[in-house]
Structure formats: structure tokens, C-alpha cells
Amino acid sequence: MPTPEAAVFQGLSWNPLHDLHELFSYPFMVNALEAGTIVAVMAGVTGWFMVLRRQTFAGHTLSIIAFPGAAAAGLAGLPVALGYFSFCGLGALALAGVAGSQRSHSGESAAIGSLQALALALGFLFVSLYHGILIGLDSLLFGTFLGITRGQVAALLGVAAAAVTLIAVVARPLLFASLDADVARAGGVPVRLLGFGFLLVLGLSVAETSQITGALLVFALLVTPAATAHQLTSRPGLGIALSVAIALVVTWLGLALAFFSIYPVGFYVTSLAFALYVLVRLARAL
Amino acid sequence: MLAHEFMRNALVAGTFVGLACGLVGYFVVLRAQVFAGDALSHVAFTGALAAAVLGVDILAGLFVATVLGGLLIGVLGDRARADDVVIGSLFAWTLGLGVLFLSLFTTRSSAGNGTAGVRVLFGSIFGLSGSDVRTSVALAVLASGLLLAIARPLLFASLDTAVASAQGVPVRALELGFLALVGLVAAEASQAVGALLLLGLLAAPAGAAHRLTASPYVGLVLSALLAVGSVWLGLSLSYLVPTLPPSSMIIASAVGCFTLALAATAPRGRAAGARRRS
């Protein structure tokens with residue numbers, strides 16, 4: 001089997017059928033496409049709620065927390081996935097605590113910012129203590145979309161199914177609590193519990209996703225397709241569907257483009273998503 | 001500890017970087033724009049790598065990118081109050097660009113430069129030369145001076161935008177100017193603690209100051225003192241235990257201050273929370 005490095009330099013033949021066939025003839029590419037599809041669906045759904053709840057900063061911080069998790073697991077010799085999940089779970093707990101205890105919006109944002117900086121500082125500390133994997137640092141931060149195994153795809157599918165199911169179960173009360181927390185609370189909806197549960201699911205999906213895309217790029221799939229969908233429609237069902245669809249298209253195109261060129265996947269995925277967002281904003285402004 | 005030149009350089013540069021971060025950070029937290037600072041730190045990463053790829057001075061790349069980024073956030077955001085979804089989408093893309101530049105840089109330059117990205121992300125305060133120090137002192141003094149010059153109207157505009165604009169304060173210009181200033185400080189600080197960690201120096205000392213006092217001028221001074229103190233503590237820790245990287249220790253000290261401040265003011269915070277729940 002050719003290595004990813006060898007394959008990416010082959011270039012286009014400009015025959016679409018042949019190129020597609022080429023794309024699917026490499027197992028690593030099939031794995032990447034499947035993983036990308038799963039991640040895009042999960043990120044599209046959770047991201048839509050994240051944007052609705054104005055928790056972009058919290059989401060970004062959760063995605064950062066995945067990095068020290070992975071670094072700590074590497075340092076301790078434990079499975080990396082364990083590090084991702086335990087740190088993201090702890091991070092969700094801390095963020096929920098922060099959101100509940102602060103008196104003002106500014107206090108909350110300072111607390112989230114400090115948490116995020118601490119997470120990064122810890123991550124860098126662990127990496128420095130664990131000498132000599134500074135090259136590995138790039139892949140912790142930016143991911144290795146092209147080195148995914150069958151086992152990872154299966155694990156990804158399990159986590160994504162759990163996350164999306166959880167959100168589907170609580171979708172109605174969560175929507176209510178996100179749109180009008182006070183009325184929802186008066187109506188007997190457990191707003192705080194839902195808020196914490198949502199952060200936990202967000203952390204879960206971020207932890208799983210960042211193993212593939214790296215801690216820094218999860219965020220692109222979470223926020224940009226969802227922001228575009230929110231620009232296009234305010235209807236929840238349609239919005240979630242759009243958000244998922246945009247995430248899917250962007251991921252597929254990004255992977256295909258990266259396959260036929262020498263530039264990284266992360267660049268294509270974020271650029272495509274952002275270009276779409278800008279186009280939609282412009283179209284709405286006209 | 002002071003016998004080493006690298007340590008003296010680090011202390012001088014760190015002190016001034018801390019000063020600028022503490023002062024600007026106070027307003028960043030007051031205006032709830034920590035997320036904008038977060039975004040600018042990622043812009044700094046991309047800017048520095050872009051400069052490295054193009055072969056121009058990295059510091060120049062940092063400044064151009066972060067000041068432009070600050071202005072862009074101000075212009076795109078809803079009346080410059082920095083809409084978080086706009087910021088999020090923008091800097092997700094910035095990161096993507098950063099990845100592109102990183103891959104261009106590492107493939108183009110020969111082996112041994114693989115850690116360039118790491119240096120930009122996490123800083124190299126022990127590697128500053130004498131001229132680096134002079135530049136960063138000058139810039140920190142400039143940023144602090146600019147901030148203190150606009151401190152009064154900015155405070156007014158941050159606390160009550162509507163009344164301030166009715167009084168003839170140029171609110172919009174102040175908002176844009178402030179974001180450009182945050183960009184300047186972000187570029188300055190990413191030299192010392194790295195693009196990813198500067199958020200800690202902006203948010204944590206200022207957050208602590210906000211918890212400890214409601215008086216703006218006391219808070220401003222306190223925030224600057226805490227930031228400078230964190231830099232000193234972090235540098236000393238890193239000097240005493242060489243395996244600990246300085247940027248991590250600086251941020252850990254700053255976040256430690258914030259946690260202590262939270263703990264010190266916790267009873268009040270809990271009472272407020274209880275009031276809100278009832």
C-alpha cells in the first residue's frame with residue numbers, strides 16, 4: 001500500500017471518473033472519507049446548538065483541552081483516547097461550573113479564557129517533559145486525517161451515534177432552554193442540568209473529533225457550517241440539516257482536494273467553510 | 001539568576017510585556033472581549049508563519065497580522081461589540097491558513113526547522129537578544145501609553161455605550177482603536193509566551209483584578225501588577241527547574257492568581273448565585 005506521502009503527489013488526471021476511482025482505491029483514503037463523514041455529521045449537529053447557545057468560546061476552549069489530554073496520556077504511557085475523553089469531560093465540568101458561578105458575562109469570559117490558557121500551558125508542559133516529540137506536537141494540534149485505521153473509524157461511529165442520539169433525545173427541551181432560559185426554568189425544564197449535559201456531549205464529540213483533525217481544527221467544523229446555517233434559516237430542523245450538509249460537503253471536498261495536492265486538509269476544510277460563510281453573509285447583505 | 005544575560009533579557013522583556021498585557025487585559029475583560037483576544041492570538045500564529053514563509057521579519061508579520069485582525073474583527077462585528085460567531089468563523093479559517101503556512105515552511109526549509117511552528121505557538125522568551133528586548137520594551141511602552149491616553153473615554157464607552165455616545169464620546173472609533181491596540185499587544189506578547197498562551201496573560205490577571213476590586217483605576221494597576229508578578233514568578237520557576245518551560249510557568253502563575261482571587265471572593269459569588277437561582 002502506498003504511503004500517504006507518496007500518494008498525494010500524484011496529481012489530477014483531469015478525468016473525473018478516473019480520479020474518483022483513484023480516490024477510492026486507497027484504503028487510507030476510504031477510511032479518511034468515512035471518518036470525515038461521521039465527524040461532519042456529529043459536528044454539524046452539536047455545532048448548531050453551540051452557535052444557538054452562544055457558546056462558541058466554551059466550545060473552542062473544550063477543543064483546546066483535548067490537547068493537554070492527549071499530551072498527558074502520551075507522557076503517562078496511557079492510551080491517547082483515554083486522555084482526550086477524561087480531559088474533555090473534566091473541562092466540560094469546569095466550564096459548567098464557571099458558567100454557573102460568575103456574576104457577569106465579562107467574569108465568565110475571563111474565567112473561560114484563563115481555563116483555556118491553562119490547558120494550553122499544561123499541554124506544552126507535558127510535551128516538553130516528554131522529550132523529543134516536538135514533531136508529534138504538530139499532529140496533536142493539527143491532526144493526521146490521512147492516517148486513520150479501521151478501528152478508529154468504528155470507535156468514531158460509536159461515539160458519534162451516542163452523541164447525536166443524546167442530543168436528539170433532549171433536542172426539544174434543550175432548544176427551549178437555549179432560546180429562553182428563564183421561561184424554560186419557570187416551565188420546569190432543568191436548565192442547568194441541560195446546560196451541563198450539552199457541554200459534556202460537546203466535549204465528547206470534540207474529544208473524538210480532535211483525534212482525527214487535531215485539537216486546533218475541530219473548531220472549524222463545529223462553528224463555521226453551523227454559523228452559515230443560522231444565517232440561512234431560523235427553523236431548527238432545517239437549520240440542523242443544513243449545518244450537517246454543509247459540514248459534509250466541506251469535509252468531502254477538503255479531503256479530495258488535499259488528496260490531489262500537497263497542501264494540508266485543514267487548510268482546505270477551513271477555507272471552504274469560511275468562503276461559504278462569507279458568501280452567505282454577502283448574499284444576505286445585498 | 002541575574003548573572004545570565006538571557007535571564008536579564010527575559011526579565012526585562014517579560015516585565016514590559018506583562019505590564020502591557022495587564023493594562024490592556026483589564027479592558028478586554030471589562031468589555032467581555034476575551035474571545036476576541038483568543039482569536040487575535042491565533043491570527044498572531046498565522047501572521048508569524050506567513051512572515052517566515054515569505055522570508056520577511058517575523059515581528060513585522062506578527063504586527064501587521066494582529067493589528068489588521070483586530071480592525072477586521074471590529075469592522076465585521078456588530079457595531080464592533082465583537083460578535084462571537086463572526087470571530088469564531090474568522091479565526092477557524094485563520095488557523096487553516098496557519099496550517100498551510102506551517103506545511104509550506106516545513107517542506108521548504110531544510111531539516112532542523114521543524115520546531116519553528118512550536119516556537120511561534122509557545123514562545124521562546126529565553127532566546128531573546130538585546131535588540132529584541134529593546135524593541136519589545138519600546139512597543140510595550142507605546143501600547144501602555146496609548147491605552148492610558150484613551151483610558152478615561154474608553155472606560156466610559158465600555159460601561160455605558162449609549163450615554164457615552166450621547167455625550168459626544170467617539171464610541172465607534174474608540175472600539176476600533178482598542179481592538180487594534182489589543183492586536184499590538186498580542187503581537188508583542190506572542191514573542192514572550194507564544195501565540196497560544198498570550199490569552200492567559202490577557203485574561204487571568206485582569207479577571208483576578210475584576211474579582212478583587214470594582215474601582216477601575218485600582219483594578220487597572222492591580223491587573224498590571226499581577227501580570228508582571230506572574231511573569232517574574234514563572235521565569236524564576238522555570239530558571240530553578242530547567243525542565244519546566246517558561247511560557248507554561250508564566251501562564252500557570254497567572255491562572256494561579258486568578259484561582260486564588262476566585263477563592264478569596266467565593267462567598268460573595270455563591271451568595272449572588274443563590275440570589276439568582278431563587
# chains A, B, ... in the order shown; residues from 1 in each chain; ligands from 1

$ interface_residues --of "chain B" --to "chain A" --cutoff "6 Å" --atoms "only C-alpha atoms" --output "list in words"
Val29, Leu30, Ala32, Val34, Ser89, Ala92, Trp93, Gly96, Leu97, Leu100, Leu197, Leu199, Gly200, Ala203, Ala204, Gly207, Ser248 and Val255 of chain B

$ write_last_selection --atoms "N, CA and C atoms" --output "PDB file, in the first residue's frame"
ATOM      1  N   VAL B  29     -11.262  42.301  29.531  1.00  0.00           N
ATOM      2  CA  VAL B  29     -12.202  41.588  30.387  1.00  0.00           C
ATOM      3  C   VAL B  29     -13.429  42.449  30.675  1.00  0.00           C
ATOM      4  N   LEU B  30     -13.194  43.726  30.934  1.00  0.00           N
ATOM      5  CA  LEU B  30     -14.309  44.634  31.213  1.00  0.00           C
ATOM      6  C   LEU B  30     -15.310  44.633  30.062  1.00  0.00           C
ATOM      7  N   ALA B  32     -15.742  42.245  27.982  1.00  0.00           N
ATOM      8  CA  ALA B  32     -16.092  40.858  27.652  1.00  0.00           C
ATOM      9  C   ALA B  32     -15.624  40.493  26.249  1.00  0.00           C
ATOM     10  N   VAL B  34     -12.712  38.750  25.679  1.00  0.00           N
ATOM     11  CA  VAL B  34     -11.622  37.787  25.799  1.00  0.00           C
ATOM     12  C   VAL B  34     -11.568  36.892  24.558  1.00  0.00           C
ATOM     13  N   SER B  89     -15.772  32.003  13.234  1.00  0.00           N
ATOM     14  CA  SER B  89     -15.603  31.573  11.848  1.00  0.00           C
ATOM     15  C   SER B  89     -14.319  32.129  11.277  1.00  0.00           C
ATOM     16  N   ALA B  92     -11.236  30.316  12.817  1.00  0.00           N
ATOM     17  CA  ALA B  92     -11.118  28.934  12.372  1.00  0.00           C
ATOM     18  C   ALA B  92     -10.414  28.901  11.018  1.00  0.00           C
ATOM     19  N   TRP B  93     -10.774  29.882  10.179  1.00  0.00           N
ATOM     20  CA  TRP B  93     -10.132  29.951   8.872  1.00  0.00           C
ATOM     21  C   TRP B  93      -8.675  30.374   8.997  1.00  0.00           C
ATOM     22  N   GLY B  96      -6.634  27.517   9.677  1.00  0.00           N
ATOM     23  CA  GLY B  96      -6.428  26.729   8.473  1.00  0.00           C
ATOM     24  C   GLY B  96      -5.292  27.308   7.648  1.00  0.00           C
ATOM     25  N   LEU B  97      -5.289  28.636   7.506  1.00  0.00           N
ATOM     26  CA  LEU B  97      -4.199  29.308   6.793  1.00  0.00           C
ATOM     27  C   LEU B  97      -2.873  29.048   7.489  1.00  0.00           C
ATOM     28  N   LEU B 100      -1.508  25.820   6.578  1.00  0.00           N
ATOM     29  CA  LEU B 100      -0.937  25.881   5.231  1.00  0.00           C
ATOM     30  C   LEU B 100       0.481  26.447   5.286  1.00  0.00           C
ATOM     31  N   LEU B 197      -0.412  31.144  24.153  1.00  0.00           N
ATOM     32  CA  LEU B 197      -0.519  31.336  25.594  1.00  0.00           C
ATOM     33  C   LEU B 197      -0.782  32.776  26.008  1.00  0.00           C
ATOM     34  N   LEU B 199      -3.179  34.563  25.643  1.00  0.00           N
ATOM     35  CA  LEU B 199      -4.522  34.737  26.174  1.00  0.00           C
ATOM     36  C   LEU B 199      -4.525  34.685  27.700  1.00  0.00           C
ATOM     37  N   GLY B 200      -3.672  33.835  28.259  1.00  0.00           N
ATOM     38  CA  GLY B 200      -3.600  33.719  29.714  1.00  0.00           C
ATOM     39  C   GLY B 200      -3.156  35.010  30.362  1.00  0.00           C
ATOM     40  N   ALA B 203      -6.153  37.484  30.019  1.00  0.00           N
ATOM     41  CA  ALA B 203      -7.407  37.211  30.732  1.00  0.00           C
ATOM     42  C   ALA B 203      -7.225  36.996  32.229  1.00  0.00           C
ATOM     43  N   ALA B 204      -6.210  36.218  32.628  1.00  0.00           N
ATOM     44  CA  ALA B 204      -6.174  35.783  34.025  1.00  0.00           C
ATOM     45  C   ALA B 204      -5.870  36.912  35.029  1.00  0.00           C
ATOM     46  N   GLY B 207      -8.850  39.198  35.030  1.00  0.00           N
ATOM     47  CA  GLY B 207     -10.003  38.564  35.662  1.00  0.00           C
ATOM     48  C   GLY B 207      -9.886  38.604  37.174  1.00  0.00           C
ATOM     49  N   SER B 248       4.832  28.067  29.950  1.00  0.00           N
ATOM     50  CA  SER B 248       3.853  27.315  30.742  1.00  0.00           C
ATOM     51  C   SER B 248       3.820  27.809  32.171  1.00  0.00           C
ATOM     52  N   VAL B 255      -2.787  32.021  36.062  1.00  0.00           N
ATOM     53  CA  VAL B 255      -4.049  31.341  36.345  1.00  0.00           C
ATOM     54  C   VAL B 255      -4.156  31.032  37.837  1.00  0.00           C
TER      55      VAL B 255
END

$ residues_around --residues "region 40-43 of chain A" --least-positions-apart "6" --cutoff "9 Å" --atoms "only C-alpha atoms" --output "number ranges by chain"
A: 160-161, 163-164, 202, 205-206, 209, 218-219, 221-223, 225-226, 243-251

$ write_last_selection --atoms "C-alpha atoms" --output "PDB file, in the first residue's frame"
ATOM      1  CA  ALA A 160     -20.932   9.893  17.164  1.00  0.00           C
ATOM      2  CA  ALA A 161     -24.036   7.713  17.391  1.00  0.00           C
ATOM      3  CA  ALA A 163     -23.647  11.964  20.931  1.00  0.00           C
ATOM      4  CA  VAL A 164     -26.228  12.505  18.194  1.00  0.00           C
ATOM      5  CA  LEU A 202     -19.854  18.822  23.132  1.00  0.00           C
ATOM      6  CA  SER A 205     -17.638  14.982  20.262  1.00  0.00           C
ATOM      7  CA  VAL A 206     -14.692  17.355  20.403  1.00  0.00           C
ATOM      8  CA  THR A 209     -13.032  14.604  16.523  1.00  0.00           C
ATOM      9  CA  VAL A 218     -12.161  20.641  15.352  1.00  0.00           C
ATOM     10  CA  PHE A 219     -13.454  24.041  15.930  1.00  0.00           C
ATOM     11  CA  LEU A 221     -16.149  22.054  11.635  1.00  0.00           C
ATOM     12  CA  LEU A 222     -18.137  22.936  14.743  1.00  0.00           C
ATOM     13  CA  VAL A 223     -18.607  26.633  14.223  1.00  0.00           C
ATOM     14  CA  PRO A 225     -21.109  25.284   8.996  1.00  0.00           C
ATOM     15  CA  ALA A 226     -23.427  25.968  11.924  1.00  0.00           C
ATOM     16  CA  SER A 243     -25.455  22.584   9.078  1.00  0.00           C
ATOM     17  CA  VAL A 244     -24.797  18.857   8.643  1.00  0.00           C
ATOM     18  CA  ALA A 245     -24.997  19.125   4.862  1.00  0.00           C
ATOM     19  CA  ILE A 246     -22.502  21.992   4.738  1.00  0.00           C
ATOM     20  CA  ALA A 247     -20.129  20.200   7.085  1.00  0.00           C
ATOM     21  CA  LEU A 248     -20.324  17.075   4.911  1.00  0.00           C
ATOM     22  CA  VAL A 249     -19.709  18.842   1.619  1.00  0.00           C
ATOM     23  CA  VAL A 250     -16.839  20.868   3.033  1.00  0.00           C
ATOM     24  CA  THR A 251     -15.173  17.805   4.529  1.00  0.00           C
TER      25      THR A 251
END

$ select_by_dssp --residues "region 51-264 of chain B" --states "alpha helix (DSSP H)" --output "number ranges by chain"
B: 51-54, 58-76, 84-108, 116-122, 130-159, 161-166, 171-193, 198-212, 216-240, 246-264

$ residues_around --residues "Ala285 (chain A)" --least-positions-apart "4" --cutoff "12 Å" --atoms "only C-alpha atoms" --output "number ranges by chain"
A: 231-232, 278-281

$ write_last_selection --atoms "N, CA and C atoms" --output "tab-separated table (two decimals), in the first residue's frame"
chain	number	residue	atom	x	y	z
A	231	GLN	N	-27.36	31.63	9.48
A	231	GLN	CA	-27.59	32.77	8.60
A	231	GLN	C	-28.72	32.49	7.63
A	232	LEU	N	-28.84	31.22	7.19
A	232	LEU	CA	-29.77	30.90	6.12
A	232	LEU	C	-31.19	30.68	6.62
A	278	VAL	N	-18.79	33.45	4.16
A	278	VAL	CA	-18.67	34.82	3.66
A	278	VAL	C	-19.66	35.05	2.53
A	279	LEU	N	-19.77	34.06	1.62
A	279	LEU	CA	-20.71	34.19	0.51
A	279	LEU	C	-22.12	34.38	1.01
A	280	VAL	N	-22.52	33.56	2.00
A	280	VAL	CA	-23.88	33.65	2.52
A	280	VAL	C	-24.11	35.00	3.19
A	281	ARG	N	-23.11	35.46	3.95
A	281	ARG	CA	-23.23	36.77	4.59
A	281	ARG	C	-23.40	37.87	3.54

$ atom_distance --atom1 "CA of Leu240 (chain B)" --atom2 "CA of Phe126 (chain B)"
13.5 Å

$ residues_around --residues "region 78-89 of chain A" --least-positions-apart "2" --cutoff "12 Å" --atoms "only C-alpha atoms" --output "VMD selection string"
chain A and resid 58 to 76 91 to 96 116 119 122 to 123 140 152 155 to 156 159 196 to 212 214 to 215

$ write_last_selection --atoms "C-alpha atoms" --output "short mmCIF file (atom, residue, chain, number, x, y, z; two decimals), in the first residue's frame"
data_model
loop_
_atom_site.label_atom_id
_atom_site.label_comp_id
_atom_site.auth_asym_id
_atom_site.auth_seq_id
_atom_site.Cartn_x
_atom_site.Cartn_y
_atom_site.Cartn_z
CA ALA A 58 -16.64 27.49 25.50
CA GLY A 59 -16.58 25.14 22.51
CA HIS A 60 -13.22 26.43 21.43
CA THR A 61 -11.87 26.02 24.94
CA LEU A 62 -13.13 22.42 25.07
CA SER A 63 -11.38 21.70 21.81
CA ILE A 64 -8.15 23.13 23.24
CA ILE A 65 -8.47 20.99 26.36
CA ALA A 66 -8.18 17.91 24.17
CA PHE A 67 -4.53 18.83 23.53
CA PRO A 68 -3.18 18.56 27.12
CA GLY A 69 -5.32 15.43 27.47
CA ALA A 70 -3.52 13.74 24.63
CA ALA A 71 -0.14 15.04 25.77
CA ALA A 72 -0.71 13.86 29.35
CA ALA A 73 -1.76 10.42 28.16
CA GLY A 74 1.35 10.25 25.99
CA LEU A 75 3.51 11.23 28.96
CA ALA A 76 1.91 8.68 31.28
CA GLY A 91 -13.21 20.54 31.00
CA ALA A 92 -16.98 20.35 30.50
CA LEU A 93 -17.44 20.09 34.27
CA ALA A 94 -15.18 23.10 34.87
CA LEU A 95 -16.90 25.17 32.18
CA ALA A 96 -20.35 24.33 33.55
CA GLN A 116 -8.08 27.72 28.04
CA ALA A 119 -4.96 23.96 29.28
CA LEU A 122 -0.26 22.27 30.63
CA GLY A 123 -0.22 20.73 27.18
CA LEU A 140 -1.58 16.62 18.14
CA GLN A 152 -10.66 4.31 14.80
CA ALA A 155 -14.85 3.88 17.59
CA LEU A 156 -15.73 7.19 15.96
CA VAL A 159 -19.18 7.92 19.89
CA PHE A 196 -24.06 20.78 31.73
CA GLY A 197 -25.22 17.79 29.69
CA PHE A 198 -24.80 19.74 26.49
CA LEU A 199 -21.26 20.78 27.39
CA LEU A 200 -20.50 17.14 28.15
CA VAL A 201 -21.77 15.98 24.76
CA LEU A 202 -19.85 18.82 23.13
CA GLY A 203 -16.72 17.73 24.97
CA LEU A 204 -17.31 14.13 23.91
CA SER A 205 -17.64 14.98 20.26
CA VAL A 206 -14.69 17.36 20.40
CA ALA A 207 -12.52 14.72 22.06
CA GLU A 208 -13.38 12.18 19.40
CA THR A 209 -13.03 14.60 16.52
CA SER A 210 -9.72 16.08 17.61
CA GLN A 211 -8.07 12.67 17.33
CA ILE A 212 -8.64 13.00 13.61
CA GLY A 214 -6.21 17.79 15.69
CA ALA A 215 -7.17 19.96 18.62
#

$ decode --residues "region 168-184 of chain B" --atoms "N, CA and C atoms" --output "JSON list (two decimals), in the first residue's frame"
[["chain", "number", "residue", "atom", "x", "y", "z"],
["B", 168, "GLY", "N", -21.04, 62.68, 23.26],
["B", 168, "GLY", "CA", -20.09, 63.08, 22.24],
["B", 168, "GLY", "C", -18.78, 62.32, 22.26],
["B", 169, "VAL", "N", -18.71, 61.21, 23.03],
["B", 169, "VAL", "CA", -17.51, 60.37, 23.01],
["B", 169, "VAL", "C", -17.52, 59.57, 21.70],
["B", 170, "PRO", "N", -16.43, 59.57, 20.95],
["B", 170, "PRO", "CA", -16.40, 58.82, 19.68],
["B", 170, "PRO", "C", -16.32, 57.32, 19.93],
["B", 171, "VAL", "N", -17.47, 56.70, 20.26],
["B", 171, "VAL", "CA", -17.51, 55.32, 20.73],
["B", 171, "VAL", "C", -16.94, 54.34, 19.70],
["B", 172, "ARG", "N", -17.41, 54.52, 18.46],
["B", 172, "ARG", "CA", -17.01, 53.60, 17.40],
["B", 172, "ARG", "C", -15.48, 53.63, 17.16],
["B", 173, "ALA", "N", -14.96, 54.84, 17.11],
["B", 173, "ALA", "CA", -13.52, 54.99, 16.89],
["B", 173, "ALA", "C", -12.74, 54.37, 18.05],
["B", 174, "LEU", "N", -13.24, 54.57, 19.26],
["B", 174, "LEU", "CA", -12.57, 54.00, 20.43],
["B", 174, "LEU", "C", -12.56, 52.49, 20.36],
["B", 175, "GLU", "N", -13.71, 51.91, 19.95],
["B", 175, "GLU", "CA", -13.80, 50.45, 19.89],
["B", 175, "GLU", "C", -12.80, 49.89, 18.90],
["B", 176, "LEU", "N", -12.74, 50.51, 17.72],
["B", 176, "LEU", "CA", -11.81, 50.04, 16.70],
["B", 176, "LEU", "C", -10.37, 50.23, 17.16],
["B", 177, "GLY", "N", -10.11, 51.42, 17.72],
["B", 177, "GLY", "CA", -8.76, 51.70, 18.19],
["B", 177, "GLY", "C", -8.32, 50.72, 19.26],
["B", 178, "PHE", "N", -9.27, 50.40, 20.13],
["B", 178, "PHE", "CA", -8.95, 49.47, 21.21],
["B", 178, "PHE", "C", -8.61, 48.09, 20.66],
["B", 179, "LEU", "N", -9.41, 47.62, 19.68],
["B", 179, "LEU", "CA", -9.12, 46.29, 19.12],
["B", 179, "LEU", "C", -7.77, 46.27, 18.41],
["B", 180, "ALA", "N", -7.41, 47.40, 17.74],
["B", 180, "ALA", "CA", -6.09, 47.48, 17.11],
["B", 180, "ALA", "C", -5.01, 47.41, 18.18],
["B", 181, "LEU", "N", -5.27, 48.06, 19.30],
["B", 181, "LEU", "CA", -4.31, 48.06, 20.42],
["B", 181, "LEU", "C", -4.15, 46.65, 20.98],
["B", 182, "VAL", "N", -5.26, 45.92, 21.10],
["B", 182, "VAL", "CA", -5.18, 44.53, 21.55],
["B", 182, "VAL", "C", -4.33, 43.73, 20.58],
["B", 183, "GLY", "N", -4.48, 44.03, 19.28],
["B", 183, "GLY", "CA", -3.66, 43.36, 18.28],
["B", 183, "GLY", "C", -2.18, 43.63, 18.51],
["B", 184, "LEU", "N", -1.85, 44.89, 18.79],
["B", 184, "LEU", "CA", -0.47, 45.28, 19.04],
["B", 184, "LEU", "C", 0.10, 44.49, 20.22]]
